[in-house]
Amino acid sequence: MLTKSVRYLRILVMVVVLGMVVAACGGQSGSDTTSAPDAPAETEAPGEEEPSGGGEAQVVDLTFWTFVQAHADFIESQAADYNASQSDVEIRIESTSIDWDDMHNRLLIALQSGTGAPDLVDVEISRFGPFSRGEVQLHPLTDIVERNSENLVSERLAPYMVDGVPYGIDYHLGAFLMYYNTEITDAAGVDIDAIETWDDYIEAGLKVKEEVGVPMTTIETSGGFSLNGLMLLNGGGRYDASNNRILEDPANIEAAEFIQDLIFEQEIAVAAPGTHHHAVEFFESFNAGGSASLWMPQWYMIRFPENMPDVEGKIKVRPLPAFEPGGAVTTMGGGTGTAITRQIDPDKVEAAMDFLEFAKLTYDAQVKLWTVLGFDPFWLEVYDDPALQEPDPWFGNEPVMASIKDMLDRLIPEYTGPHYAEISARMGDVMAFDLFVDQKPAAEVFAEAEAEIAGME
Amino acid sequence: MLRAPKSPRLLGGEGGVGQERRPGTPFLQRPGVVATVFLAPFLVLFFVFRVWPIISAVSISFQDIQSIGQGEFIGLGNYQSLLDDERFSAALRNTAMYTGGTLLLLVPIPLMLAALLHSGSVKAPGAFRTILFLPLLAGLVVVGVVFQLILSQNGVMNAGLGLFGLPSLAWLEVPELALPSLLIVAVWRWTGINIVYFSTGLATIPNDLYEAAVIDGASGFRRFLHISLPLTKPIILFVSVLTLIGGFQLFVEPFILWAQQGGVGPNRAGMSIVVLLYRTAFTNFQLGLASAIGVVLALIIMVTAIIQLRAFGFFSRDETGSGRRRRSR
C-alpha cells in the first residue's frame, strides 16, 4: 500500500510534467511566434562591442527575409563588402529565403501580432499594398533616398511610396522591353530598328504572319504583364501619383482595346501558350520559334538562358513601340523593395539604414545589380560604366543596358496604392481572360473591376 | 462470472465524478481532482488551439480589419458584403459543384469496385486494393504538381486522348475544364481509401445471406442491390459525410494546379471557398471578411452534413442499428 507521501509525490510529479507540457506548447511567446523556422534569435545585445579585424567594430546582427535566394546571396555579399569598407560597424546578415507566398504571409502575421518580423525584408510590389494601409509598419527611408535622389531614376521609388514617403528600395528598374526573335523577323524581311510606333509594329506583325506564318506576339490571359504594360505606356495604370485608383481611366480602356485588336482584328497576336509568359508551354513555344516577339520587363532576360536556350543569339532587345511618334517607349513592371520593419531594435535602425544605402544606393551596388543579378539599375550614371557597355552574346551581341539608357527619358513610372494587390489578382484572375479570350468590352471589364475593388473598401 | 470491481475510484462508481465523495478523502486523491488533472492537458490544448481560434474567428468576422493593428466593429457588415460579393458566389458555386461531383463519383464507384473485389471474381484482390490505395500515400502537393504536368497541353492526358484520335484539350486553361480537372485528381486520389472503407463494411455482412440469395436464384446485381447496398448504409453515410466535408474544404489541389494564378484557375473557375478565404486573408489582408467566409463555410458544412444525415435516416430508428436515438436509449 502506498504511503500518503508517495501519493503526494506522484501527484506533484504529474502536475510538474503537465506544467512543462503546457509551457513547451506556449513557450515561444517571447521569441518568434510566427513560426519562421529559420529566423535566428538575437544572439547578442545591439551595440555589443566585438573585435573585428584589427579594431573594435560595433557588431549589428540583422535578420533578412526574402523569397529569392539570389537576393539573399546578394545582400550577404554586400554585407561583406560593407564590413570591408569601414571598421566602425560590422553587419552580420542572417538571411532566410522562404517561398514567395509564405514569406509575405508570415511577414503580415508577424507585423500584425507585433513580434517575429525580421529587421530587413523583401516585399514584392504586388504584395506591398497591405503593408501600406493604416499605420505603415515599415521604416521611412526618406534620409537615404534624399541623399541619393539626384542620381536615381526617381520613378523607381514610386511603387513603394505612401504619401510621398519611400518605404522600399528595389533591385531593378524593371523597364518594359520588346524581345524580338530576329530569326523570325529577318525571315519575314522586318527591320526591327524601323519599328517606332505601334502602327509600325502591326505592319511588321502582318508581314511576319504572312511570310513566316507565326503570330507576332503572345498575350497573357491569366497574368497582368501584357495588359498592365500597355496600360502604363498609354498613360494609365492602376493608381496615379497621388495614390488614387484610376482603373476606369480612358487610357486603360484604350490600351486594352488596342490589345484586343491585335488578337481579334489584325490577328497578329494569340493567347500565350499555358496562359502566361512563365508557363512551361510558353517557354517551349517561344523556344521553338512559335512567335516573333513579346513585351515583358527587363528582368525577364534571365528567363531566356534558363528556359529558352535554343534562341540564344537570336533575341534582340528594343524599346516598346510608342503609341504616338516621340511618345513613351517604356514603363516599369514588377519589382521587389527591400524594407526595414518597425520591429527592428531601435538601436539598430541607423546601422540598417546605412547598410541598405550601401547595399542598394551606391554606384558600385548599382553596377552589381547588373553584373551579379542581371537586373537593370536605376542609377543614371551607372549606365555609362564599362560593365554595362559590354555586348551580350546571348542577346544579339548587343549592349542591352546601353539600349535601356536611351529609353530612360521616355519612361512612364508606375504608382501603387492600398489595393494594388487586389487589382493585380483581379487582372490575372478575370480581366485578362475576359478581354483577350472572351472579348468582353473593355469599358465593361474595367467597370466591373472597379466595382469589385471599391466593394473592398 | 464477472464480479463488480471493488475500487470505486478506478471505475467512477461510488465517489466518482459528480457523486458524493467518501468523507475524509484527501483533496489531491479525490477522484474529481485526479480526473481533472488527467484531462487538463487535452482540455488546455483543445481550448487554446481549437476553441479559442473559433471564438476569435467569430469575433473578428464582425470587424473590419484591413490594416495592421487596426480594426473596427462593423456588426454584420462582412456578412452583408459576402452576399453581394461576386467572388464569394463564384467560389461557392465552384465548391458546391466540386462537392456534388465528388459525391457522385467517390461514393458509387468505390462501392461498386469494393463489391466487385468482395465478390471473389477478381484475382488477387489484395494487390488490386493496394494499388488503388497507393495514391493516398502521395503528398497532396506532389499530386498537384504531377497532375499539373499530366493535364498540361503536352501532358499524358492529351497523349492518351490522342491514342483514341481525340483532340487535345486545354485542361487547365479553359473555365469549362477546371472542374473536370479537379475531379480527375479527386477520383485518382480518393477512390482507393473509399474502397477500403466499403470493403470493411462489406466484410461484416454474413455470408449466409449471399448463399441464401444464390440458392434463391438472385443474380450478382440483385445480391448487390438487395444485400450489399442496404447493409453498407452506415458506411455509405460515413463516406458521404467525409466526402462532403473534404469537398467543401478543397484547397491544395487548385492551389497547386493553378499555382501561378494563386489557385483560382481560368477566369476563377477553379476558385474554391477556402482558396478565396486564404487570398482574402493574406493577399488582400482583409481579416474580418476572411473570418466571415470561414464562419459561413463552417455553417454550410454543418447544415449540409445534418441534411445528409437526416436524409440517410441517421436521426431515426432503423433496422440496421445506425440510428443514434435507438442506441442511446
# chains A, B, ... in the order shown; residues from 1 in each chain; ligands from 1
call {"tool": "residues_around", "arguments": {"residues": "Phe198 in chain B", "least_positions_apart": "5", "cutoff": "12 Å", "atoms": "only C-alpha atoms", "output": "PyMOL selection string"}}
result
chain B and resi 106-118+129+191-193+203-205+228-229+231-240
call {"tool": "write_last_selection", "arguments": {"atoms": "C-alpha atoms", "output": "compact mmCIF listing (two decimals), in the first residue's frame"}}
result
# COMPACT_ATOMS: atom_id res chain seq x y z
CA LEU B 106 -16.45 8.89 -54.98
CA VAL B 107 -19.33 7.02 -53.38
CA PRO B 108 -20.85 4.78 -56.10
CA ILE B 109 -17.64 3.95 -57.99
CA PRO B 110 -15.62 2.80 -54.95
CA LEU B 111 -18.71 0.97 -53.61
CA MET B 112 -19.09 -0.98 -56.83
CA LEU B 113 -15.38 -1.68 -57.04
CA ALA B 114 -15.38 -2.84 -53.42
CA ALA B 115 -18.36 -5.12 -54.13
CA LEU B 116 -16.52 -6.49 -57.15
CA LEU B 117 -13.46 -7.23 -55.04
CA HIS B 118 -15.62 -8.74 -52.34
CA ARG B 129 -6.77 -2.87 -53.33
CA THR B 191 -11.07 6.12 -54.76
CA GLY B 192 -8.66 3.73 -53.04
CA ILE B 193 -9.37 4.77 -49.48
CA ALA B 203 -16.80 -7.85 -44.86
CA THR B 204 -19.19 -7.53 -41.92
CA ILE B 205 -22.16 -8.85 -43.92
CA SER B 228 -24.75 -5.29 -50.07
CA LEU B 229 -26.29 -1.90 -50.59
CA LEU B 231 -26.30 -3.38 -45.22
CA THR B 232 -23.49 -0.96 -46.03
CA LYS B 233 -25.73 2.01 -45.45
CA PRO B 234 -23.80 3.19 -42.38
CA ILE B 235 -20.54 3.05 -44.34
CA ILE B 236 -22.13 4.86 -47.27
CA LEU B 237 -23.24 7.54 -44.84
CA PHE B 238 -19.79 7.76 -43.29
CA VAL B 239 -18.04 8.03 -46.68
CA SER B 240 -20.60 10.54 -47.92
call {"tool": "interface_residues", "arguments": {"of": "chain B", "to": "chain A", "cutoff": "9 Å", "atoms": "only C-alpha atoms", "output": "tab-separated table (two decimals) with C-alpha atoms, in the first residue's frame"}}
result
chain	number	residue	atom	x	y	z
B	28	LEU	CA	-5.45	15.52	-4.10
B	29	GLN	CA	-6.81	11.98	-4.02
B	34	VAL	CA	-7.41	13.34	-10.31
B	37	VAL	CA	-5.52	16.70	-13.70
B	38	PHE	CA	-5.50	13.88	-16.23
B	40	ALA	CA	-6.25	19.04	-18.22
B	41	PRO	CA	-3.51	18.61	-20.89
B	44	VAL	CA	-5.92	23.10	-22.30
B	45	LEU	CA	-4.63	22.25	-25.76
B	66	GLN	CA	-7.69	45.80	-43.40
B	67	SER	CA	-4.53	47.24	-41.96
B	68	ILE	CA	-2.03	46.02	-39.44
B	69	GLY	CA	-3.03	46.54	-35.85
B	70	GLN	CA	-6.30	48.29	-36.63
B	81	SER	CA	-20.79	42.23	-48.24
B	84	ASP	CA	-23.01	40.91	-52.94
B	85	ASP	CA	-19.52	39.55	-53.47
B	86	GLU	CA	-19.16	38.10	-56.95
B	87	ARG	CA	-16.02	36.22	-55.88
B	152	SER	CA	-0.77	20.34	-69.45
B	153	GLN	CA	-1.18	20.81	-73.19
B	154	ASN	CA	1.64	18.39	-73.91
B	170	ALA	CA	-6.54	22.73	-72.63
B	172	LEU	CA	-6.04	23.84	-67.07
B	173	GLU	CA	-6.63	26.80	-69.36
B	260	GLN	CA	0.81	30.89	-60.92
B	261	GLN	CA	-2.72	32.27	-60.61
B	262	GLY	CA	-2.98	31.88	-56.87
B	264	VAL	CA	-8.19	30.38	-58.84
B	265	GLY	CA	-7.94	28.76	-62.26
B	266	PRO	CA	-9.03	30.21	-65.59
B	267	ASN	CA	-11.47	33.05	-65.04
B	268	ARG	CA	-11.85	31.91	-61.39
B	281	ALA	CA	-6.88	36.86	-45.51
B	282	PHE	CA	-3.34	37.04	-46.82
B	283	THR	CA	-3.16	38.55	-50.30
B	284	ASN	CA	-5.80	41.18	-49.55
B	285	PHE	CA	-5.29	41.24	-45.78
B	286	GLN	CA	-8.99	41.59	-45.08
call {"tool": "atom_distance", "arguments": {"atom1": "CA of Glu357 in chain A", "atom2": "CA of Val153 in chain A"}}
result
15.2 Å
call {"tool": "closest_residue", "arguments": {"among": "A:Ala269, A:Ala339, A:Val317, A:Phe355", "to": "Ser85 in chain A", "atoms": "only C-alpha atoms"}}
result
A:Phe355
call {"tool": "select_by_dssp", "arguments": {"residues": "range 207-334 of chain A", "states": "strand (DSSP E)", "output": "NGL selection string"}}
result
:A and (217-219 or 269-271 or 293-297 or 315-318 or 330-331)
call {"tool": "select_by_dssp", "arguments": {"residues": "range 131-339 of chain A", "states": "helix (DSSP H, G or I)", "output": "PyMOL selection string"}}
result
chain A and resi 131-132+142-148+154-160+182-187+192-194+198-211+225-233+250-265+273-275+280-287+298-307+309-311
call {"tool": "residues_around", "arguments": {"residues": "range 206-215 of chain B", "least_positions_apart": "5", "cutoff": "12 Å", "atoms": "only C-alpha atoms", "output": "list in words"}}
result
His118, Ser119, Gly201, Gly220, Phe221, Arg222, Arg223, Phe224, Leu225, His226, Ile227, Ser228, Leu231 and Thr232 of chain B
call {"tool": "decode", "arguments": {"residues": "range 36-151 of chain A", "atoms": "C-alpha atoms", "output": "short mmCIF file (atom, residue, chain, number, x, y, z; two decimals), in the first residue's frame"}}
result
data_model
loop_
_atom_site.label_atom_id
_atom_site.label_comp_id
_atom_site.auth_asym_id
_atom_site.auth_seq_id
_atom_site.Cartn_x
_atom_site.Cartn_y
_atom_site.Cartn_z
CA ALA A 36 9.57 31.40 -39.04
CA PRO A 37 11.74 28.35 -38.63
CA ASP A 38 14.92 29.81 -39.87
CA ALA A 39 14.66 33.20 -38.28
CA PRO A 40 17.61 33.30 -35.94
CA ALA A 41 17.29 34.56 -32.42
CA GLU A 42 19.21 37.62 -31.38
CA THR A 43 22.44 36.31 -30.07
CA GLU A 44 23.72 39.46 -28.51
CA ALA A 45 22.52 42.83 -27.44
CA PRO A 46 22.55 45.53 -30.07
CA GLY A 47 25.57 47.66 -29.96
CA GLU A 48 27.61 44.98 -28.29
CA GLU A 49 31.25 45.53 -28.97
CA GLU A 50 33.14 42.70 -30.54
CA PRO A 51 36.59 42.65 -32.02
CA SER A 52 36.65 42.71 -35.80
CA GLY A 53 39.80 42.59 -37.81
CA GLY A 54 42.33 44.88 -36.30
CA GLY A 55 39.98 47.29 -34.49
CA GLU A 56 36.81 47.40 -32.39
CA ALA A 57 33.68 47.30 -34.52
CA GLN A 58 30.09 47.56 -33.37
CA VAL A 59 28.52 44.26 -34.32
CA VAL A 60 25.00 44.54 -35.64
CA ASP A 61 23.06 41.39 -36.39
CA LEU A 62 20.32 41.88 -38.95
CA THR A 63 17.77 39.26 -39.89
CA PHE A 64 16.67 39.34 -43.52
CA TRP A 65 13.75 37.54 -45.16
CA THR A 66 13.47 37.18 -48.89
CA PHE A 67 11.80 34.86 -51.38
CA VAL A 68 14.68 34.79 -53.87
CA GLN A 69 17.86 33.01 -52.91
CA ALA A 70 19.84 35.23 -55.31
CA HIS A 71 18.67 38.27 -53.32
CA ALA A 72 19.85 36.66 -50.09
CA ASP A 73 23.24 35.93 -51.64
CA PHE A 74 23.46 39.49 -52.95
CA ILE A 75 22.66 41.09 -49.60
CA GLU A 76 25.11 38.83 -47.77
CA SER A 77 27.79 39.67 -50.30
CA GLN A 78 27.07 43.37 -49.89
CA ALA A 79 27.35 42.98 -46.12
CA ALA A 80 30.83 41.51 -46.57
CA ASP A 81 31.80 44.45 -48.79
CA TYR A 82 30.26 46.89 -46.32
CA ASN A 83 32.28 45.45 -43.46
CA ALA A 84 35.45 45.64 -45.54
CA SER A 85 34.74 49.24 -46.48
CA GLN A 86 34.83 50.59 -42.92
CA SER A 87 35.75 49.47 -39.43
CA ASP A 88 33.09 51.10 -37.26
CA VAL A 89 30.23 48.70 -37.76
CA GLU A 90 30.20 45.03 -38.61
CA ILE A 91 26.94 43.96 -40.20
CA ARG A 92 26.07 40.29 -39.83
CA ILE A 93 23.19 39.21 -42.04
CA GLU A 94 21.16 36.16 -41.12
CA SER A 95 19.16 35.65 -44.28
CA THR A 96 16.24 33.33 -44.76
CA SER A 97 14.81 32.50 -48.15
CA ILE A 98 11.17 31.43 -47.96
CA ASP A 99 8.59 30.72 -50.64
CA TRP A 100 7.05 33.93 -52.06
CA ASP A 101 3.53 33.45 -50.76
CA ASP A 102 4.60 32.02 -47.45
CA MET A 103 7.12 34.77 -46.76
CA HIS A 104 4.62 37.58 -47.28
CA ASN A 105 2.02 35.75 -45.20
CA ARG A 106 4.46 35.28 -42.34
CA LEU A 107 5.51 38.89 -42.54
CA LEU A 108 1.91 40.05 -42.31
CA ILE A 109 1.24 37.80 -39.34
CA ALA A 110 4.44 38.85 -37.61
CA LEU A 111 3.66 42.54 -38.06
CA GLN A 112 0.05 42.02 -37.03
CA SER A 113 1.00 40.11 -33.92
CA GLY A 114 3.73 42.58 -33.02
CA THR A 115 6.57 40.09 -32.85
CA GLY A 116 8.64 37.84 -35.05
CA ALA A 117 9.28 40.10 -38.03
CA PRO A 118 12.79 40.35 -39.47
CA ASP A 119 14.84 43.52 -39.47
CA LEU A 120 15.16 43.67 -43.26
CA VAL A 121 12.69 42.19 -45.68
CA ASP A 122 11.96 41.97 -49.38
CA VAL A 123 8.40 42.97 -50.21
CA GLU A 124 7.19 42.17 -53.71
CA ILE A 125 5.37 45.01 -55.43
CA SER A 126 2.08 43.14 -55.76
CA ARG A 127 2.07 42.38 -52.01
CA PHE A 128 3.10 45.85 -50.87
CA GLY A 129 -0.46 47.18 -50.63
CA PRO A 130 -1.48 45.62 -47.30
CA PHE A 131 1.70 46.92 -45.69
CA SER A 132 0.91 50.45 -46.81
CA ARG A 133 -2.57 50.59 -45.24
CA GLY A 134 -3.16 52.28 -41.91
CA GLU A 135 -0.05 52.82 -39.85
CA VAL A 136 2.79 51.64 -42.08
CA GLN A 137 4.82 49.00 -40.28
CA LEU A 138 7.97 49.80 -42.23
CA HIS A 139 10.61 52.41 -41.52
CA PRO A 140 10.62 55.50 -43.74
CA LEU A 141 13.72 55.53 -45.92
CA THR A 142 13.50 59.22 -46.67
CA ASP A 143 17.02 60.06 -45.47
CA ILE A 144 18.90 57.62 -47.63
CA VAL A 145 16.69 58.26 -50.64
CA GLU A 146 17.03 62.02 -50.39
CA ARG A 147 20.80 61.76 -50.09
CA ASN A 148 20.91 59.97 -53.44
CA SER A 149 17.92 61.43 -55.20
CA GLU A 150 19.87 63.27 -57.89
CA ASN A 151 21.46 60.04 -59.06
#
